[in-house]
$ cat start-v2.cif   # mmCIF, C-alpha atoms
data_input
loop_
_atom_site.label_atom_id
_atom_site.label_comp_id
_atom_site.auth_asym_id
_atom_site.auth_seq_id
_atom_site.Cartn_x
_atom_site.Cartn_y
_atom_site.Cartn_z
CA MET A 36 229.46 -58.42 183.19
CA ILE A 37 226.63 -55.95 183.78
CA GLY A 38 224.81 -56.32 187.06
CA ARG A 39 221.77 -54.48 188.43
CA LEU A 40 219.88 -51.81 186.57
CA ASN A 41 220.94 -48.87 188.74
CA HIS A 42 218.47 -46.36 187.30
CA VAL A 43 216.48 -45.12 184.33
CA ALA A 44 217.03 -41.40 183.70
CA ILE A 45 214.19 -39.35 182.23
CA ALA A 46 214.91 -35.83 180.96
CA VAL A 47 212.00 -33.50 181.70
CA PRO A 48 211.28 -29.90 180.73
CA ASP A 49 209.39 -29.17 183.98
CA LEU A 50 210.73 -30.98 187.02
CA GLU A 51 207.95 -29.84 189.31
CA ALA A 52 205.25 -31.11 186.95
CA ALA A 53 207.02 -34.45 186.38
CA THR A 54 207.56 -34.89 190.11
CA ALA A 55 203.87 -34.29 190.73
CA GLN A 56 202.97 -36.88 188.05
CA TYR A 57 205.07 -39.53 189.78
CA ARG A 58 204.11 -38.56 193.34
CA ASP A 59 200.41 -37.79 192.96
CA THR A 60 199.27 -39.67 189.85
CA LEU A 61 201.48 -42.77 190.04
CA GLY A 62 201.77 -42.72 193.84
CA ALA A 63 205.53 -43.26 193.88
CA GLN A 64 208.03 -42.39 196.60
CA VAL A 65 209.63 -39.17 195.38
CA GLY A 66 212.55 -37.27 196.93
CA PRO A 67 213.32 -33.54 196.98
CA PRO A 68 214.99 -31.83 194.00
CA GLN A 69 218.79 -31.77 194.23
CA ASP A 70 220.98 -29.44 192.22
CA GLU A 71 224.03 -31.14 190.71
CA PRO A 72 225.94 -28.15 189.30
CA ASP A 73 228.93 -30.33 188.35
CA HIS A 74 226.64 -32.41 186.13
CA GLY A 75 224.42 -29.63 184.79
CA VAL A 76 221.18 -31.09 186.10
CA THR A 77 218.68 -30.83 188.91
CA VAL A 78 217.57 -34.33 189.82
CA VAL A 79 214.63 -35.91 191.64
CA PHE A 80 215.09 -39.53 192.72
CA ILE A 81 212.09 -41.83 192.61
CA THR A 82 212.61 -44.90 194.75
CA LEU A 83 210.98 -48.09 193.49
CA PRO A 84 211.29 -51.39 195.39
CA ASN A 85 213.94 -52.72 192.97
CA THR A 86 215.57 -49.71 191.26
CA LYS A 87 215.40 -45.93 190.84
CA ILE A 88 213.98 -43.51 188.32
CA GLU A 89 215.83 -40.21 188.02
CA LEU A 90 214.02 -37.17 186.68
CA LEU A 91 216.56 -34.71 185.21
CA GLN A 92 216.00 -31.03 184.43
CA PRO A 93 218.76 -28.89 182.89
CA LEU A 94 220.73 -26.71 185.32
CA GLY A 95 222.89 -23.88 184.00
CA ASP A 96 223.77 -22.87 180.46
CA ASP A 97 225.75 -25.92 179.39
CA SER A 98 223.60 -28.83 180.54
CA PRO A 99 224.38 -32.20 178.91
CA ILE A 100 220.64 -32.82 178.50
CA ALA A 101 219.80 -29.50 176.80
CA GLY A 102 220.23 -30.92 173.29
CA PHE A 103 218.06 -33.94 174.08
CA LEU A 104 215.24 -31.70 175.32
CA ALA A 105 215.55 -29.47 172.26
CA LYS A 106 214.86 -32.59 170.17
CA ASN A 107 212.28 -33.99 172.61
CA PRO A 108 210.47 -30.97 174.06
CA SER A 109 208.02 -33.09 176.08
CA GLY A 110 210.92 -35.03 177.63
CA GLY A 111 211.79 -38.69 177.33
CA ILE A 112 214.06 -41.45 178.55
CA HIS A 113 217.60 -40.12 178.32
CA HIS A 114 219.71 -43.10 179.42
CA ILE A 115 219.80 -46.32 181.39
CA CYS A 116 222.52 -47.17 183.90
CA TYR A 117 223.88 -50.63 184.57
CA GLU A 118 226.15 -51.48 187.48
CA VAL A 119 229.55 -53.10 187.00
CA SER A 120 231.95 -54.26 189.70
CA ASP A 121 235.13 -52.89 188.05
CA ILE A 122 234.63 -50.03 185.63
CA ARG A 123 238.13 -50.10 184.11
CA ALA A 124 237.89 -53.84 183.45
CA ALA A 125 234.45 -53.24 181.91
CA ARG A 126 235.84 -50.49 179.70
CA ASP A 127 238.70 -52.65 178.50
CA ARG A 128 236.33 -55.50 177.66
CA LEU A 129 233.99 -53.14 175.81
CA LYS A 130 236.78 -51.60 173.77
CA ALA A 131 238.14 -55.03 172.91
CA GLN A 132 234.65 -55.88 171.59
CA GLY A 133 234.65 -52.75 169.44
CA ALA A 134 232.21 -50.67 171.53
CA ARG A 135 232.83 -46.94 171.70
CA VAL A 136 233.27 -45.31 175.11
CA LEU A 137 232.32 -41.62 175.09
CA GLY A 138 234.73 -38.86 176.09
CA THR A 139 238.33 -39.62 177.00
CA GLY A 140 237.57 -43.20 178.02
CA GLU A 141 238.62 -42.43 181.59
CA PRO A 142 235.86 -42.93 184.18
CA LYS A 143 234.48 -39.74 185.75
CA ILE A 144 232.83 -39.34 189.11
CA GLY A 145 229.09 -39.41 188.44
CA ALA A 146 226.15 -37.84 190.20
CA HIS A 147 226.19 -40.61 192.86
CA GLY A 148 229.86 -40.05 193.70
CA LYS A 149 230.95 -43.24 191.91
CA PRO A 150 233.00 -43.78 188.73
CA VAL A 151 230.92 -43.81 185.56
CA LEU A 152 231.33 -44.11 181.80
CA PHE A 153 228.91 -43.59 178.93
CA LEU A 154 228.75 -45.82 175.84
CA HIS A 155 227.87 -44.76 172.32
CA PRO A 156 224.13 -45.17 171.60
CA LYS A 157 224.84 -46.43 168.08
CA ASP A 158 226.52 -49.50 169.59
CA PHE A 159 223.49 -50.35 171.78
CA ALA A 160 220.36 -50.10 169.63
CA GLY A 161 220.03 -46.33 169.93
CA THR A 162 220.18 -46.35 173.73
CA LEU A 163 222.61 -44.22 175.71
CA VAL A 164 224.10 -46.61 178.29
CA GLU A 165 225.83 -45.47 181.48
CA LEU A 166 227.98 -47.88 183.44
CA GLU A 167 228.48 -47.19 187.13
CA GLN A 168 230.94 -48.96 189.40
CA ALA A 169 228.72 -50.29 192.18
CA MET B 265 200.72 -47.12 193.91
CA ILE B 266 203.36 -48.24 191.44
CA GLY B 267 205.63 -51.02 192.64
CA ARG B 268 208.63 -52.65 190.98
CA LEU B 269 210.02 -51.66 187.61
CA ASN B 270 209.00 -54.78 185.72
CA HIS B 271 211.02 -54.06 182.58
CA VAL B 272 212.50 -51.54 180.19
CA ALA B 273 211.54 -52.25 176.57
CA ILE B 274 213.98 -51.34 173.81
CA ALA B 275 212.78 -51.41 170.19
CA VAL B 276 215.54 -52.63 167.87
CA PRO B 277 215.82 -52.90 164.09
CA ASP B 278 218.03 -56.01 164.24
CA LEU B 279 217.26 -58.36 167.11
CA GLU B 280 220.20 -60.64 166.44
CA ALA B 281 222.68 -57.75 166.52
CA ALA B 282 221.14 -56.24 169.67
CA THR B 283 221.13 -59.64 171.36
CA ALA B 284 224.82 -60.07 170.57
CA GLN B 285 225.58 -56.62 171.98
CA TYR B 286 223.96 -57.51 175.30
CA ARG B 287 225.29 -61.10 175.44
CA ASP B 288 228.83 -60.66 174.13
CA THR B 289 229.71 -57.02 174.71
CA LEU B 290 227.83 -56.32 177.96
CA GLY B 291 228.03 -59.92 179.20
CA ALA B 292 224.37 -60.12 180.20
CA GLN B 293 222.16 -63.19 180.60
CA VAL B 294 220.14 -63.28 177.39
CA GLY B 295 217.28 -65.64 176.49
CA PRO B 296 216.18 -67.04 173.13
CA PRO B 297 214.01 -64.98 170.75
CA GLN B 298 210.29 -65.56 171.27
CA ASP B 299 207.65 -64.66 168.70
CA GLU B 300 204.60 -62.95 170.18
CA PRO B 301 202.26 -62.80 167.17
CA ASP B 302 199.38 -61.45 169.27
CA HIS B 303 201.54 -58.46 170.18
CA GLY B 304 203.32 -57.96 166.87
CA VAL B 305 206.82 -58.40 168.24
CA THR B 306 209.62 -60.88 168.60
CA VAL B 307 211.16 -60.43 172.04
CA VAL B 308 214.42 -61.34 173.74
CA PHE B 309 214.43 -61.16 177.54
CA ILE B 310 217.59 -60.01 179.28
CA THR B 311 217.62 -61.01 182.91
CA LEU B 312 219.36 -58.60 185.27
CA PRO B 313 219.59 -59.28 189.02
CA ASN B 314 216.80 -56.80 189.81
CA THR B 315 214.69 -56.39 186.66
CA LYS B 316 214.47 -57.24 182.95
CA ILE B 317 215.33 -55.58 179.68
CA GLU B 318 213.17 -56.59 176.72
CA LEU B 319 214.50 -56.22 173.20
CA LEU B 320 211.61 -55.91 170.75
CA GLN B 321 211.71 -56.40 166.99
CA PRO B 322 208.61 -55.94 164.81
CA LEU B 323 206.78 -59.12 163.84
CA GLY B 324 204.22 -59.05 161.04
CA ASP B 325 202.80 -56.17 159.05
CA ASP B 326 201.00 -54.30 161.81
CA SER B 327 203.53 -54.18 164.60
CA PRO B 328 202.84 -51.58 167.31
CA ILE B 329 206.54 -50.65 167.30
CA ALA B 330 206.85 -50.12 163.52
CA GLY B 331 206.10 -46.40 163.75
CA PHE B 332 208.61 -45.92 166.56
CA LEU B 333 211.36 -47.59 164.51
CA ALA B 334 210.46 -45.51 161.46
CA LYS B 335 211.16 -42.42 163.59
CA ASN B 336 214.14 -43.99 165.38
CA PRO B 337 215.86 -46.22 162.81
CA SER B 338 218.73 -47.15 165.15
CA GLY B 339 216.25 -48.21 167.82
CA GLY B 340 215.65 -46.76 171.27
CA ILE B 341 213.83 -47.15 174.54
CA HIS B 342 210.17 -47.72 173.68
CA HIS B 343 208.50 -47.91 177.11
CA ILE B 344 208.94 -48.67 180.78
CA CYS B 345 206.67 -50.97 182.73
CA TYR B 346 205.72 -50.54 186.37
CA GLU B 347 203.92 -53.18 188.42
CA VAL B 348 200.65 -52.49 190.20
CA SER B 349 198.72 -54.82 192.49
CA ASP B 350 195.24 -54.02 191.07
CA ILE B 351 195.17 -52.69 187.53
CA ARG B 352 191.53 -51.55 187.56
CA ALA B 353 192.02 -49.65 190.80
CA ALA B 354 195.17 -48.12 189.29
CA ARG B 355 193.26 -47.11 186.17
CA ASP B 356 190.49 -45.49 188.17
CA ARG B 357 192.97 -43.51 190.26
CA LEU B 358 194.83 -42.39 187.14
CA LYS B 359 191.68 -41.25 185.38
CA ALA B 360 190.53 -39.39 188.49
CA GLN B 361 193.89 -37.56 188.40
CA GLY B 362 193.35 -36.62 184.76
CA ALA B 363 195.83 -39.06 183.19
CA ARG B 364 194.89 -40.56 179.84
CA VAL B 365 194.75 -44.34 179.48
CA LEU B 366 195.35 -45.50 175.90
CA GLY B 367 192.86 -47.61 173.96
CA THR B 368 189.50 -48.49 175.44
CA GLY B 369 190.69 -48.17 179.02
CA GLU B 370 190.03 -51.86 179.61
CA PRO B 371 193.13 -53.88 180.58
CA LYS B 372 194.40 -56.31 177.94
CA ILE B 373 196.43 -59.44 178.44
CA GLY B 374 200.04 -58.45 177.81
CA ALA B 375 203.03 -60.37 176.55
CA HIS B 376 203.59 -61.91 180.01
CA GLY B 377 200.02 -63.21 180.25
CA LYS B 378 199.00 -60.56 182.79
CA PRO B 379 196.60 -57.59 182.50
CA VAL B 380 198.28 -54.43 181.23
CA LEU B 381 197.41 -50.85 180.32
CA PHE B 382 199.39 -48.13 178.58
CA LEU B 383 199.35 -44.46 179.63
CA HIS B 384 199.68 -41.46 177.35
CA PRO B 385 203.32 -40.29 177.02
CA LYS B 386 202.28 -36.64 177.15
CA ASP B 387 201.10 -37.14 180.72
CA PHE B 388 204.43 -38.64 181.85
CA ALA B 389 207.23 -36.43 180.51
CA GLY B 390 207.26 -37.97 177.04
CA THR B 391 207.59 -41.53 178.33
CA LEU B 392 205.26 -44.33 177.30
CA VAL B 393 204.34 -46.07 180.57
CA GLU B 394 202.93 -49.58 180.78
CA LEU B 395 201.27 -50.80 183.96
CA GLU B 396 201.19 -54.54 184.59
CA GLN B 397 199.21 -56.27 187.30
CA ALA B 398 201.86 -58.21 189.21
#
$ encode --input "start-v2.cif" --output "structure tokens"
Amino acid sequence: MIGRLNHVAIAVPDLEAATAQYRDTLGAQVGPPQDEPDHGVTVVFITLPNTKIELLQPLGDDSPIAGFLAKNPSGGIHHICYEVSDIRAARDRLKAQGARVLGTGEPKIGAHGKPVLFLHPKDFAGTLVELEQA
Amino acid sequence: MIGRLNHVAIAVPDLEAATAQYRDTLGAQVGPPQDEPDHGVTVVFITLPNTKIELLQPLGDDSPIAGFLAKNPSGGIHHICYEVSDIRAARDRLKAQGARVLGTGEPKIGAHGKPVLFLHPKDFAGTLVELEQA
């Protein structure tokens, strides 16, 4: 069911510093910071030959990554995102298998403008999993 | 400098359960468990179209992931691995930029039979980064 690894998202306390680490120290191709007010983050996309890394810094007072950074002040990997071809079919399969879909269970439009869902970390070895309809 | 994302490594307390989650619930292509006694882990490779996920379970009494699982009993993402074409050149560039290379600084032969190095998480937004010579 799952297809490509769409991205690995890393929550960072200092986006400028993390961007410099990837651009200057690791020599990666790094984009400009983009505010995503609907998602409570400012994001920098790092383009690798086969996938993307997304550096996320909280934006606004109610950021979904604020709690993670409170627990992990240096930052850390926040979630991984797998592509699926049909997100509602994926959700129905997951629920039938007993996996918990976060929120209402209805896909939302994610930061890339595509339908996404998040799955409960306890069902996937402590890893927050995002599914994105590719 | 960095190239492809070679893999994302997820430390898990129960390899059989995590394997079933990826195979049955997420419908991914999952390999057989492989003991890597030299690296203190048993690993299951999950093949995605563009990269790999590696599920790691401690093997033996001195596993390098035992401490991580003590802190994260449900499991979690342990490290990400980027490919480089020349690992010694990569190391020298990193050290010149002030990044800390773990261990002696000499590449070791990793679980894939290729030279690897690990970089200090504090220098990369709390993320343990492995470099593998591709």
$ residues_around --input "start-v2.cif" --residues "Ile351 in chain B" --least-positions-apart "2" --cutoff "9 Å" --atoms "only C-alpha atoms" --output "NGL selection string"
:B and (347-349 or 353-356 or 371 or 379-381 or 395-398)
$ resolve_selection --input "start-v2.cif" --expression "the PyMOL selection byres ((chain A) within 7 of (chain B))" --output "JSON, numbers by chain"
{"A": [36, 37, 38, 39, 40, 47, 53, 56, 60, 61, 62, 63, 83, 84, 85, 86, 109, 110, 111, 112, 129, 132, 157, 159, 160, 161, 162]}
$ residues_around --input "start-v2.cif" --residues "range 294-301 of chain B" --least-positions-apart "4" --cutoff "7 Å" --atoms "only C-alpha atoms" --output "list in words"
Arg287, Val305, Thr306, Val307, Val308, Phe309, Ile310, Thr311 and Leu323 of chain B
$ calpha_fit_and_write --input "start-v2.cif" --fixed "chain A" --moving "chain B" --output "PDB file with C-alpha atoms, in the coordinates of the input"
ATOM      1  CA  MET B 265     229.470 -58.399 183.213  1.00  0.00           C
ATOM      2  CA  ILE B 266     226.647 -55.944 183.785  1.00  0.00           C
ATOM      3  CA  GLY B 267     224.808 -56.322 187.071  1.00  0.00           C
ATOM      4  CA  ARG B 268     221.779 -54.482 188.433  1.00  0.00           C
ATOM      5  CA  LEU B 269     219.886 -51.792 186.575  1.00  0.00           C
ATOM      6  CA  ASN B 270     220.932 -48.867 188.742  1.00  0.00           C
ATOM      7  CA  HIS B 271     218.471 -46.357 187.293  1.00  0.00           C
ATOM      8  CA  VAL B 272     216.478 -45.114 184.337  1.00  0.00           C
ATOM      9  CA  ALA B 273     217.027 -41.399 183.688  1.00  0.00           C
ATOM     10  CA  ILE B 274     214.183 -39.346 182.239  1.00  0.00           C
ATOM     11  CA  ALA B 275     214.912 -35.828 180.961  1.00  0.00           C
ATOM     12  CA  VAL B 276     211.999 -33.489 181.691  1.00  0.00           C
ATOM     13  CA  PRO B 277     211.263 -29.885 180.735  1.00  0.00           C
ATOM     14  CA  ASP B 278     209.379 -29.163 183.977  1.00  0.00           C
ATOM     15  CA  LEU B 279     210.717 -30.977 187.021  1.00  0.00           C
ATOM     16  CA  GLU B 280     207.932 -29.837 189.309  1.00  0.00           C
ATOM     17  CA  ALA B 281     205.233 -31.121 186.948  1.00  0.00           C
ATOM     18  CA  ALA B 282     207.021 -34.445 186.375  1.00  0.00           C
ATOM     19  CA  THR B 283     207.552 -34.865 190.111  1.00  0.00           C
ATOM     20  CA  ALA B 284     203.845 -34.311 190.725  1.00  0.00           C
ATOM     21  CA  GLN B 285     202.965 -36.876 188.057  1.00  0.00           C
ATOM     22  CA  TYR B 286     205.069 -39.533 189.776  1.00  0.00           C
ATOM     23  CA  ARG B 287     204.096 -38.558 193.351  1.00  0.00           C
ATOM     24  CA  ASP B 288     200.392 -37.802 192.960  1.00  0.00           C
ATOM     25  CA  THR B 289     199.270 -39.666 189.857  1.00  0.00           C
ATOM     26  CA  LEU B 290     201.480 -42.776 190.032  1.00  0.00           C
ATOM     27  CA  GLY B 291     201.764 -42.726 193.834  1.00  0.00           C
ATOM     28  CA  ALA B 292     205.525 -43.264 193.883  1.00  0.00           C
ATOM     29  CA  GLN B 293     208.034 -42.391 196.605  1.00  0.00           C
ATOM     30  CA  VAL B 294     209.627 -39.175 195.375  1.00  0.00           C
ATOM     31  CA  GLY B 295     212.549 -37.270 196.922  1.00  0.00           C
ATOM     32  CA  PRO B 296     213.332 -33.549 196.986  1.00  0.00           C
ATOM     33  CA  PRO B 297     214.986 -31.830 193.999  1.00  0.00           C
ATOM     34  CA  GLN B 298     218.779 -31.784 194.238  1.00  0.00           C
ATOM     35  CA  ASP B 299     220.977 -29.449 192.213  1.00  0.00           C
ATOM     36  CA  GLU B 300     224.026 -31.143 190.711  1.00  0.00           C
ATOM     37  CA  PRO B 301     225.939 -28.167 189.282  1.00  0.00           C
ATOM     38  CA  ASP B 302     228.931 -30.333 188.342  1.00  0.00           C
ATOM     39  CA  HIS B 303     226.645 -32.400 186.120  1.00  0.00           C
ATOM     40  CA  GLY B 304     224.419 -29.634 184.790  1.00  0.00           C
ATOM     41  CA  VAL B 305     221.177 -31.081 186.099  1.00  0.00           C
ATOM     42  CA  THR B 306     218.680 -30.823 188.895  1.00  0.00           C
ATOM     43  CA  VAL B 307     217.558 -34.334 189.802  1.00  0.00           C
ATOM     44  CA  VAL B 308     214.637 -35.907 191.629  1.00  0.00           C
ATOM     45  CA  PHE B 309     215.096 -39.525 192.712  1.00  0.00           C
ATOM     46  CA  ILE B 310     212.094 -41.830 192.612  1.00  0.00           C
ATOM     47  CA  THR B 311     212.618 -44.888 194.746  1.00  0.00           C
ATOM     48  CA  LEU B 312     210.985 -48.075 193.490  1.00  0.00           C
ATOM     49  CA  PRO B 313     211.298 -51.372 195.389  1.00  0.00           C
ATOM     50  CA  ASN B 314     213.932 -52.707 192.973  1.00  0.00           C
ATOM     51  CA  THR B 315     215.577 -49.709 191.284  1.00  0.00           C
ATOM     52  CA  LYS B 316     215.396 -45.928 190.830  1.00  0.00           C
ATOM     53  CA  ILE B 317     213.980 -43.513 188.310  1.00  0.00           C
ATOM     54  CA  GLU B 318     215.826 -40.204 188.006  1.00  0.00           C
ATOM     55  CA  LEU B 319     214.029 -37.157 186.671  1.00  0.00           C
ATOM     56  CA  LEU B 320     216.543 -34.710 185.206  1.00  0.00           C
ATOM     57  CA  GLN B 321     216.007 -31.034 184.440  1.00  0.00           C
ATOM     58  CA  PRO B 322     218.750 -28.872 182.897  1.00  0.00           C
ATOM     59  CA  LEU B 323     220.719 -26.715 185.319  1.00  0.00           C
ATOM     60  CA  GLY B 324     222.883 -23.888 184.006  1.00  0.00           C
ATOM     61  CA  ASP B 325     223.773 -22.882 180.475  1.00  0.00           C
ATOM     62  CA  ASP B 326     225.736 -25.940 179.404  1.00  0.00           C
ATOM     63  CA  SER B 327     223.582 -28.819 180.533  1.00  0.00           C
ATOM     64  CA  PRO B 328     224.377 -32.180 178.904  1.00  0.00           C
ATOM     65  CA  ILE B 329     220.638 -32.821 178.502  1.00  0.00           C
ATOM     66  CA  ALA B 330     219.801 -29.493 176.802  1.00  0.00           C
ATOM     67  CA  GLY B 331     220.237 -30.911 173.302  1.00  0.00           C
ATOM     68  CA  PHE B 332     218.074 -33.930 174.097  1.00  0.00           C
ATOM     69  CA  LEU B 333     215.246 -31.689 175.336  1.00  0.00           C
ATOM     70  CA  ALA B 334     215.558 -29.465 172.272  1.00  0.00           C
ATOM     71  CA  LYS B 335     214.862 -32.575 170.171  1.00  0.00           C
ATOM     72  CA  ASN B 336     212.288 -33.982 172.609  1.00  0.00           C
ATOM     73  CA  PRO B 337     210.461 -30.972 174.069  1.00  0.00           C
ATOM     74  CA  SER B 338     208.008 -33.102 176.075  1.00  0.00           C
ATOM     75  CA  GLY B 339     210.894 -35.015 177.629  1.00  0.00           C
ATOM     76  CA  GLY B 340     211.798 -38.684 177.331  1.00  0.00           C
ATOM     77  CA  ILE B 341     214.048 -41.446 178.540  1.00  0.00           C
ATOM     78  CA  HIS B 342     217.604 -40.117 178.324  1.00  0.00           C
ATOM     79  CA  HIS B 343     219.709 -43.111 179.417  1.00  0.00           C
ATOM     80  CA  ILE B 344     219.812 -46.325 181.392  1.00  0.00           C
ATOM     81  CA  CYS B 345     222.510 -47.160 183.896  1.00  0.00           C
ATOM     82  CA  TYR B 346     223.875 -50.627 184.570  1.00  0.00           C
ATOM     83  CA  GLU B 347     226.151 -51.482 187.485  1.00  0.00           C
ATOM     84  CA  VAL B 348     229.547 -53.089 187.008  1.00  0.00           C
ATOM     85  CA  SER B 349     231.955 -54.262 189.695  1.00  0.00           C
ATOM     86  CA  ASP B 350     235.139 -52.893 188.036  1.00  0.00           C
ATOM     87  CA  ILE B 351     234.636 -50.029 185.617  1.00  0.00           C
ATOM     88  CA  ARG B 352     238.133 -50.118 184.096  1.00  0.00           C
ATOM     89  CA  ALA B 353     237.893 -53.842 183.447  1.00  0.00           C
ATOM     90  CA  ALA B 354     234.451 -53.236 181.921  1.00  0.00           C
ATOM     91  CA  ARG B 355     235.848 -50.489 179.705  1.00  0.00           C
ATOM     92  CA  ASP B 356     238.695 -52.664 178.494  1.00  0.00           C
ATOM     93  CA  ARG B 357     236.334 -55.519 177.646  1.00  0.00           C
ATOM     94  CA  LEU B 358     233.998 -53.149 175.809  1.00  0.00           C
ATOM     95  CA  LYS B 359     236.782 -51.608 173.761  1.00  0.00           C
ATOM     96  CA  ALA B 360     238.148 -55.049 172.897  1.00  0.00           C
ATOM     97  CA  GLN B 361     234.654 -55.892 171.584  1.00  0.00           C
ATOM     98  CA  GLY B 362     234.638 -52.759 169.438  1.00  0.00           C
ATOM     99  CA  ALA B 363     232.207 -50.680 171.521  1.00  0.00           C
ATOM    100  CA  ARG B 364     232.842 -46.949 171.702  1.00  0.00           C
ATOM    101  CA  VAL B 365     233.273 -45.309 175.102  1.00  0.00           C
ATOM    102  CA  LEU B 366     232.327 -41.618 175.086  1.00  0.00           C
ATOM    103  CA  GLY B 367     234.728 -38.859 176.104  1.00  0.00           C
ATOM    104  CA  THR B 368     238.315 -39.640 176.986  1.00  0.00           C
ATOM    105  CA  GLY B 369     237.568 -43.206 178.016  1.00  0.00           C
ATOM    106  CA  GLU B 370     238.627 -42.439 181.579  1.00  0.00           C
ATOM    107  CA  PRO B 371     235.870 -42.937 184.184  1.00  0.00           C
ATOM    108  CA  LYS B 372     234.496 -39.751 185.751  1.00  0.00           C
ATOM    109  CA  ILE B 373     232.836 -39.334 189.103  1.00  0.00           C
ATOM    110  CA  GLY B 374     229.101 -39.407 188.430  1.00  0.00           C
ATOM    111  CA  ALA B 375     226.159 -37.842 190.193  1.00  0.00           C
ATOM    112  CA  HIS B 376     226.186 -40.604 192.844  1.00  0.00           C
ATOM    113  CA  GLY B 377     229.860 -40.063 193.684  1.00  0.00           C
ATOM    114  CA  LYS B 378     230.954 -43.253 191.910  1.00  0.00           C
ATOM    115  CA  PRO B 379     233.021 -43.779 188.729  1.00  0.00           C
ATOM    116  CA  VAL B 380     230.916 -43.821 185.569  1.00  0.00           C
ATOM    117  CA  LEU B 381     231.337 -44.113 181.809  1.00  0.00           C
ATOM    118  CA  PHE B 382     228.915 -43.592 178.944  1.00  0.00           C
ATOM    119  CA  LEU B 383     228.760 -45.823 175.851  1.00  0.00           C
ATOM    120  CA  HIS B 384     227.873 -44.743 172.336  1.00  0.00           C
ATOM    121  CA  PRO B 385     224.130 -45.162 171.597  1.00  0.00           C
ATOM    122  CA  LYS B 386     224.847 -46.436 168.092  1.00  0.00           C
ATOM    123  CA  ASP B 387     226.513 -49.499 169.584  1.00  0.00           C
ATOM    124  CA  PHE B 388     223.503 -50.344 171.784  1.00  0.00           C
ATOM    125  CA  ALA B 389     220.368 -50.097 169.632  1.00  0.00           C
ATOM    126  CA  GLY B 390     220.033 -46.327 169.935  1.00  0.00           C
ATOM    127  CA  THR B 391     220.192 -46.349 173.733  1.00  0.00           C
ATOM    128  CA  LEU B 392     222.613 -44.219 175.716  1.00  0.00           C
ATOM    129  CA  VAL B 393     224.095 -46.602 178.303  1.00  0.00           C
ATOM    130  CA  GLU B 394     225.830 -45.474 181.476  1.00  0.00           C
ATOM    131  CA  LEU B 395     227.985 -47.883 183.453  1.00  0.00           C
ATOM    132  CA  GLU B 396     228.481 -47.189 187.149  1.00  0.00           C
ATOM    133  CA  GLN B 397     230.938 -48.956 189.407  1.00  0.00           C
ATOM    134  CA  ALA B 398     228.738 -50.319 192.189  1.00  0.00           C
TER     135      ALA B 398
END
$ atom_distance --input "start-v2.cif" --atom1 "CA of Ala44 in chain A" --atom2 "CA of Phe332 in chain B"
19.6 Å
$ axis_aligned_box --input "start-v2.cif" --around "range 128-146 of chain A" --padding-each-side "8 Å" --output "AutoDock Vina command-line options"
--center_x 232.4 --center_y -46.9 --center_z 179.8 --size_x 28.5 --size_y 34.0 --size_z 36.8
$ atom_distance --input "start-v2.cif" --atom1 "CA of Ala375 in chain B" --atom2 "CA of His303 in chain B"
6.8 Å
$ resolve_selection --input "start-v2.cif" --expression "the PyMOL selection byres ((chain B and resi 382) around 6)" --output "VMD selection string"
chain B and resid 366 381 383 393 to 394
$ closest_residue --input "start-v2.cif" --among "A:Arg123, A:Glu141, A:Gly148, A:Cys116" --to "Glu89 in chain A" --atoms "only C-alpha atoms"
A:Cys116
$ atom_distance --input "start-v2.cif" --atom1 "CA of Ser327 in chain B" --atom2 "CA of Asp302 in chain B"
9.6 Å
